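Written out below as structure tokens is the structure these notes cover.
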Amino acid sequence: MAGPTKSLAKGSPAPGPVPDGVIRAYIMRFCPFAQRAHLILVAKGIKHELVYINTLNKPDWFFEKSPFGQVPAIETSKGQLIYESQIVCDYLDEVFPGKKLTPQDPFQKAQQKMLLEHFSKASTVAFKIVGAKKNNEDISALKAEFLEKLVQFDQVVAKLNTPYVGGSSVSMADYMILPIFERFDIFGVKDCLEKTPHLLQWYQLMLQDPAVKATHIKPEALEGFFKLYLQGNPESVDYDI
Ligand SMILES: N[C@@H](CCC(=O)N[C@@H](CS)C(=O)NCC(=O)O)C(=O)O
């Protein structure tokens, strides 16, 4: 399989129409939200093509594909455009055959959404850490807050008493939270997992998942990207290509 190509930046021409039977995903290689969409495309075996966007130097036409100027967005061969990672992933799960990743049962569905809300208490702090790192600020207070929220989430997950957060097999909620875990190292919070045994066990299980393996980014590449990203360098998104 061909590796990633350089991303499209300001001045790059827009790609042509999407071929029949293919989903085009506009992504950025290191973006955790874009990885959510990539995970679902792979997990469901959906025929797709990836178009890399330089999110730090976007082509003007990209706003016609994704009005907030953010990845991920997907485009169908009918020219339908869908953006916002959770909406993209729900759409892909609903439209494409194969294993349904979202439970049909309304209570289980609500449970998965509540889990994501619990996790968002921790991930919000993780993104504040990124902001602080960008400004060369001390992250120790934020890291303590992150740990507190992650421990709370660990307790929620412990009560589920299932190997995956959505039950006995991998499902949508697992794929939605996994990408942030893959970035714990670059955020400087990986050691927090030592205090969250249930999450650590879950993460180790998720690393064996074929879709997770297929979208995995080498830690050295993530680190290289992040260093340049913190400097606001638009070349960061093409690190290692
Ligand atoms: N809420 C959005 C967040 C997506 C997001 O923040 N994407 C970042 C890259 S990781 C992006 O496109 N940033 C460009 C920008 O905001 O201008 C989602 O879930 O899809």
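Residue numbers start at 1 in each chain; chains themselves are named A, B, ... in the order of the structure tokens; ligands are numbered from 1 in the order shown.
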
- Quick one: residues within 12 Å of ligand 1, with only C-alpha atoms and all ligand atoms, as a PyMOL selection string? chain A and resi 25-38+52-60+62-63+65-74+82-90+120+124+127+130+176-177+179-180+183+226+229+232+234+237

- Item | Residues near A:Phe187, cut-off 8 Å, only C-alpha atoms, skip fewer than 2 positions along chain, as an MDAnalysis selection string | chainID A and resid 126 129:130 183:185 189:190

- Write out as a VMD selection string all residues of stretch 32-230 of chain A that backbone DSSP assigns to alpha helix (DSSP H). chain A and resid 32 to 43 62 to 65 85 to 95 106 to 134 140 to 160 172 to 182 184 to 187 197 to 206 210 to 215 219 to 230

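Counting only C-alpha atoms and comparing A:Val170, A:Leu142, A:Cys192, A:Val157, the residue that lies closest to A:Lys44 is A:Val170.
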
- Task: Do a neighbour search on stretch 93-98 of chain A at 12 Å with only C-alpha atoms, toss out local chain neighbours closer than 2 positions, and write the hits as a PyMOL selection string.
- Result: chain A and resi 21-23+37+39-47+76+86-91+100-104+171-172+175

- Message: So, with only C-alpha atoms as the atoms that count, which of A:Gly166, A:Gly11, A:Gly3, A:Pro197 lies closest to A:Thr215?
- Response: A:Gly3

- Item | Counting only C-alpha atoms, the residue of A:Asp238, A:Phe119, A:Asn136, A:Gln208 that sits nearest A:Leu8 |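 Closest candidate: A:Asp238.
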
- atom CA of A:Glu220 to atom CA of A:Asp240 measures 9.2 Å

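Closest approach to A:Met206 from the set A:Glu182, A:Asp105, A:Glu49, A:Glu194 is made by A:Glu182, with distances taken over only C-alpha atoms.
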
- stretch 79-210 of chain A: residues DSSP assigns to strand (DSSP E or B), reported as a ChimeraX atom specification: /A:81-83,164,167

Suppose we keep C-alpha atoms; can you now write the selection as a tab-separated table (two decimals), in the first residue's frame?
chain	number	residue	atom	x	y	z
A	81	LEU	CA	-19.86	16.60	2.30
A	82	ILE	CA	-19.83	15.62	5.94
A	83	TYR	CA	-17.59	17.18	8.60
A	164	TYR	CA	-13.86	-2.70	25.75
A	167	GLY	CA	-18.88	-4.11	25.85

- Message: Please determine, counting only C-alpha atoms, which residue among A:Asp191, A:Glu235, A:Asp174, A:Glu117 has the shortest atom-to-atom distance to A:Leu147.
- Response: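 When distances to A:Leu147 are compared using only C-alpha atoms, the smallest one comes from A:Asp191.
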
- Which residues come within 8 Å of A:Phe146, counting only C-alpha atoms, excluding same-chain residues fewer than 5 positions away, as a list in words? Ala122, Ser123, Val125 and Ala126 of chain A

Expected file: the selected residues, C-alpha atoms, as a PDB file, in the first residue's frame:
ATOM      1  CA  ALA A 122      -9.936  14.643  30.634  1.00  0.00           C
ATOM      2  CA  SER A 123      -9.336  15.319  26.941  1.00  0.00           C
ATOM      3  CA  VAL A 125      -7.475  19.345  29.849  1.00  0.00           C
ATOM      4  CA  ALA A 126      -5.114  17.476  27.491  1.00  0.00           C
TER       5      ALA A 126
END

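Excluding A:Thr162 and any residue on its chain fewer than 6 positions from it, the residues at most 12 Å away by only C-alpha atoms are A:Val156, A:Ser168, A:Ser169, A:Val170, A:Asp174, A:His198, A:Leu199, A:Gln201, A:Trp202, A:Leu205.
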
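Using only C-alpha atoms, the nearest neighbour of A:Leu115 within the list A:Lys128, A:Lys213, A:Lys134, A:Lys159 is A:Lys159.
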